[in-house]
file my_file.txt (compact mmCIF, C-alpha atoms)
# COMPACT_ATOMS: atom_id res chain seq x y z
CA MET A 623 -39.74 40.78 -13.30
CA PRO A 624 -38.20 39.41 -16.50
CA ASN A 625 -40.45 38.76 -19.41
CA ARG A 626 -41.03 35.35 -20.96
CA ALA A 627 -38.25 35.69 -23.58
CA GLU A 628 -35.68 36.57 -20.92
CA ARG A 629 -36.74 33.64 -18.74
CA ARG A 630 -36.47 31.25 -21.70
CA ALA A 631 -33.05 32.66 -22.62
CA GLN A 632 -31.89 32.23 -19.00
CA ALA A 633 -33.20 28.64 -18.91
CA LYS A 634 -31.44 27.89 -22.19
CA ALA A 635 -28.18 29.35 -20.88
CA ASN A 636 -28.52 27.31 -17.71
CA ARG A 637 -28.84 24.09 -19.72
CA ARG A 638 -25.47 24.75 -21.36
CA GLY A 639 -22.11 24.60 -19.62
CA VAL A 640 -21.53 24.01 -15.96
CA PRO A 641 -24.57 24.09 -13.65
CA SER A 642 -24.51 26.98 -11.22
CA GLN A 643 -24.03 24.77 -8.15
CA TYR A 644 -20.80 23.42 -9.66
CA ASP A 645 -19.54 26.69 -11.09
CA GLN A 646 -16.54 27.66 -8.96
CA THR A 647 -15.98 30.90 -10.84
CA GLN A 648 -19.46 32.20 -9.92
CA GLY A 649 -19.64 34.31 -13.04
CA ARG A 650 -16.06 35.61 -12.76
CA GLY A 651 -13.22 34.81 -15.08
CA ARG A 652 -10.96 31.81 -14.62
CA SER A 653 -7.91 33.88 -13.65
CA GLY A 654 -7.65 32.60 -10.08
CA MET A 655 -8.34 28.94 -10.84
CA ILE A 656 -5.78 26.19 -11.35
CA ASP A 657 -5.48 25.06 -14.93
CA GLU A 658 -4.60 21.37 -15.05
CA TYR A 659 -3.46 21.58 -18.67
CA GLN A 660 -0.97 24.34 -17.88
CA LEU A 661 0.30 22.37 -14.89
CA GLN A 662 0.89 19.34 -17.10
CA GLN A 663 2.70 21.47 -19.67
CA LYS A 664 4.88 23.06 -16.96
CA SER A 665 5.70 19.62 -15.57
CA GLN A 666 6.64 18.37 -19.03
CA ARG A 667 8.88 21.40 -19.64
CA LEU A 668 10.58 20.90 -16.29
CA GLN A 669 11.24 17.24 -17.11
CA ASP A 670 12.65 18.19 -20.49
CA GLY A 671 14.82 20.84 -18.88
CA THR A 672 13.55 23.58 -21.17
CA ASP A 673 11.89 25.71 -18.47
CA GLY A 674 14.07 27.95 -16.33
CA THR A 675 17.39 27.06 -14.80
CA GLU A 676 18.57 23.76 -13.44
CA TRP A 677 17.34 22.92 -9.95
CA LYS A 678 19.97 23.05 -7.24
CA PRO A 679 19.36 21.92 -3.67
CA SER A 680 19.08 24.77 -1.20
CA GLY A 681 19.51 22.74 1.97
CA GLY A 682 22.63 21.82 3.86
CA THR A 683 25.20 19.21 3.01
CA ILE A 684 24.14 15.65 2.33
CA ALA A 685 25.53 13.06 4.74
CA ASP A 686 27.62 10.25 3.35
CA THR A 687 25.32 7.41 2.30
CA GLU A 688 27.87 4.77 3.26
CA THR A 689 27.54 5.70 6.93
CA LEU A 690 23.72 5.67 6.81
CA LEU A 691 23.22 2.28 5.17
CA THR A 692 24.40 -0.58 7.35
CA THR A 693 22.98 -3.42 5.24
CA ASN A 694 24.22 -4.59 1.89
CA PRO A 695 21.55 -3.85 -0.76
CA ASN A 696 23.24 -6.32 -3.13
CA TYR A 697 22.85 -9.16 -0.63
CA THR A 698 22.15 -12.51 -2.26
CA ASN A 699 22.01 -15.69 -0.28
CA PRO A 700 22.41 -18.74 -2.54
CA LYS A 701 21.32 -21.03 0.30
CA MET A 702 18.12 -19.25 1.33
CA PHE A 703 16.41 -22.19 3.04
CA LYS A 704 18.81 -23.75 5.47
CA ALA A 705 18.08 -26.59 7.85
CA PRO A 706 17.04 -25.41 11.32
CA HIS A 707 20.11 -25.22 13.54
CA SER A 708 18.64 -24.05 16.84
CA LEU A 709 15.76 -24.96 19.12
CA ARG A 710 14.00 -21.67 18.25
CA GLN A 711 14.10 -22.47 14.55
CA TRP A 712 12.74 -25.96 15.18
CA PHE A 713 9.82 -24.41 17.08
CA ARG A 714 9.29 -22.03 14.17
CA VAL A 715 9.09 -25.00 11.78
CA GLY A 716 6.60 -26.58 14.17
CA SER A 717 4.52 -23.40 14.21
CA TRP A 718 4.31 -23.30 10.43
CA THR A 719 3.46 -27.01 10.43
CA LEU A 720 0.60 -26.38 12.88
CA ILE A 721 -0.69 -23.58 10.66
CA ALA A 722 -0.53 -25.77 7.53
CA ILE A 723 -2.29 -28.65 9.31
CA ALA A 724 -5.00 -26.28 10.55
CA ILE A 725 -5.58 -24.91 7.05
CA ILE A 726 -5.86 -28.39 5.57
CA ALA A 727 -8.15 -29.46 8.43
CA PHE A 728 -10.31 -26.38 7.85
CA PHE A 729 -10.82 -27.31 4.20
CA VAL A 730 -11.65 -30.90 5.19
CA VAL A 731 -14.15 -29.74 7.83
CA MET A 732 -15.65 -27.28 5.37
CA TRP A 733 -16.59 -30.10 2.99
CA LEU A 734 -18.08 -32.37 5.64
CA PRO A 735 -21.87 -32.69 5.44
CA SER A 736 -22.26 -31.98 9.15
CA HIS A 737 -20.05 -29.53 11.01
CA PRO A 738 -19.54 -30.68 14.59
CA MET A 739 -18.85 -27.67 16.81
CA TRP A 740 -16.05 -29.38 18.73
CA LEU A 741 -14.17 -30.04 15.46
CA ILE A 742 -14.47 -26.43 14.31
CA ILE A 743 -13.30 -25.18 17.71
CA THR A 744 -10.35 -27.61 17.67
CA VAL A 745 -9.23 -26.57 14.19
CA SER A 746 -9.57 -22.90 15.10
CA ALA A 747 -7.60 -23.40 18.32
CA VAL A 748 -4.78 -25.20 16.49
CA PHE A 749 -4.59 -22.35 13.97
CA ILE A 750 -4.55 -19.71 16.72
CA VAL A 751 -1.85 -21.56 18.64
CA GLY A 752 0.24 -21.81 15.46
CA VAL A 753 -0.05 -18.10 14.70
CA LEU A 754 0.60 -16.99 18.28
CA SER A 755 3.62 -19.27 18.57
CA LEU A 756 5.18 -17.47 15.59
CA PHE A 757 5.35 -14.32 17.72
CA PHE A 758 7.30 -16.20 20.41
CA THR A 759 9.65 -17.96 18.00
CA ALA A 760 10.38 -14.90 15.85
CA GLY A 761 14.03 -13.94 15.79
CA ASP A 762 15.57 -10.58 16.50
CA SER A 763 15.23 -8.06 13.68
CA LYS A 764 18.87 -7.04 14.13
CA HIS A 765 19.96 -10.42 12.78
CA ASN A 766 17.62 -10.40 9.77
CA PRO A 767 19.66 -9.67 6.61
CA ASN A 768 16.50 -8.69 4.69
CA LEU A 769 15.82 -5.66 6.91
CA ASP A 770 17.69 -2.36 7.04
CA GLN A 771 18.53 -0.48 10.23
CA ASN A 772 14.99 0.98 10.38
CA GLY A 773 13.30 -2.42 10.07
CA THR A 774 12.22 -1.85 6.47
CA ALA A 775 12.40 -4.79 4.05
CA VAL A 776 15.12 -4.42 1.43
call {"tool": "encode", "arguments": {"input": "my_file.txt", "output": "structure tokens"}}
result
Amino acid sequence: MPNRAERRAQAKANRRGVPSQYDQTQGRGRSGMIDEYQLQQKSQRLQDGTDGTEWKPSGGTIADTETLLTTNPNYTNPKMFKAPHSLRQWFRVGSWTLIAIAIIAFFVVMWLPSHPMWLIITVSAVFIVGVLSLFFTAGDSKHNPNLDQNGTAV
């Protein structure tokens, strides 16, 4: 059993540094642990090009990017908002109009002193119909110039 001086020295040592429950080294040296500072320095040297040789890809050949990209990344449409020219586009305009009317009606109903349940249900139904109708009036993604061949926005 340690004497009083040894117990006090152990308690003092425990107050300093990392508490034992958080000490990953468990009394060993730090040789096997990751040093964040060294990783940062290595990353900086690699960016500067002063560490080792230049990286060269070890994989196969790279396919021609012209054959992979079917959309024009420099696409600019000066006439972005055109008048609807088909029945589907007119229904899409109607859907957005229903959504806008429902939002305005919701704010009006919100400020009324009494909230009749039939009015809240009506406004909610108009909003739901507007949102669901957008799914039916949405165009084909193949004809959307803002999407690439994988459906990702460009």
call {"tool": "residues_near_point", "arguments": {"input": "my_file.txt", "point": "(-5.9, -22.4, 12.6)", "cutoff": "10 Å", "atoms": "all atoms listed in the file", "output": "PyMOL selection string"}}
result
chain A and resi 720-728+742-753
call {"tool": "atom_distance", "arguments": {"input": "my_file.txt", "atom1": "CA of Pro767 (chain A)", "atom2": "CA of Arg714 (chain A)"}}
result
17.8 Å
call {"tool": "atom_distance", "arguments": {"input": "my_file.txt", "atom1": "CA of Lys634 (chain A)", "atom2": "CA of Tyr659 (chain A)"}}
result
28.9 Å
call {"tool": "atom_distance", "arguments": {"input": "my_file.txt", "atom1": "CA of Val730 (chain A)", "atom2": "CA of Phe713 (chain A)"}}
result
25.4 Å
call {"tool": "closest_residue", "arguments": {"input": "my_file.txt", "among": "A:Arg710, A:Pro738, A:Glu628, A:Gly671", "to": "Asp762 (chain A)", "atoms": "all atoms listed in the file"}}
result
A:Arg710
